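Here's the structure we're looking at; comments come further down.
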Amino acid sequence: MLFRSILGLAGRLAGAPLAARLGSRRFALGCYGAQGVGWAAVAVAQTRPALVVAAVLTGLTVGNTLLLHPLLLSEYFGPASYPKIFATSQLVVTAGVAAGPFVLGWVHDHAGGYGTAYAAAALAAAVGAAVFASGWRSYRPAELTATG
């Protein structure tokens with residue numbers, strides 16, 4: 001757990017300049033995709049070195065995905081709507097973060113072990129990335145859509 005926390009911090013420190021260069025949406029999509037690959041790699045890792053590499057990839061993306069949420073909301077909705085939208089979305093995010101270990105534990109217990117549980121996490125990350133990417137064309141920055 002400490003290892004993942006350290007990697008999450010390192011990922012945030014390295015991610016901030018990368019997000020500034022790529023743009024937050026491209027960086028977010030890359031993080032979501034890399035997180036899915038990381039979880040899939042954890043699911044299939046057969047050796048200690050493979051598991052460490054998979055854990056590093058996953059750990060580097062976790063911190064950024066949590067920090068990107070408020071950043072993307074502010075870009076999409078602007079400062080006037082931000083407090084209400086952030087509070088509502090944070091309710092959903094907090095429920096998801098809290099339920100994640102339970103759901104993975106349930107999958108582990110009922111569907112064949114850790115490989116299946118981490119494959120489910122990879123699938124969830126892939127679905128999230130696909131949903132995020134599906135709105136790419138309709139995106140308009142808040143400053144261009146704000147009225148008044």
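Residues in the structure tokens are named by chain (A, B, ... in the order shown) and by number from 1 within that chain; ligands are numbered from 1 in the order shown.
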
>> So that I can check the surroundings of stretch 51-67 of chain A, please list as an MDAnalysis selection string every protein, DNA and RNA residue that reaches within 12 Å of it, counting only C-alpha atoms and ignoring chain neighbours fewer than 6 positions away.
In response: chainID A and resid 1:19 24:25 27:45 73:74 90 93:94 96:97 115 118 121:122 125 128:129

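Of the residues under consideration (A:Leu123, A:Val92, A:Gly105, A:Ala98), A:Val92 shows the shortest atom-to-atom contact distance to A:His69 when counting only C-alpha atoms.
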
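The gap separating atom CA of A:Gly113 from atom CA of A:Ala95 is 23.7 Å, in Å to one decimal.
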
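Across the model, the gap from atom CA of A:Gly100 to atom CA of A:Phe77 is 27.0 Å.
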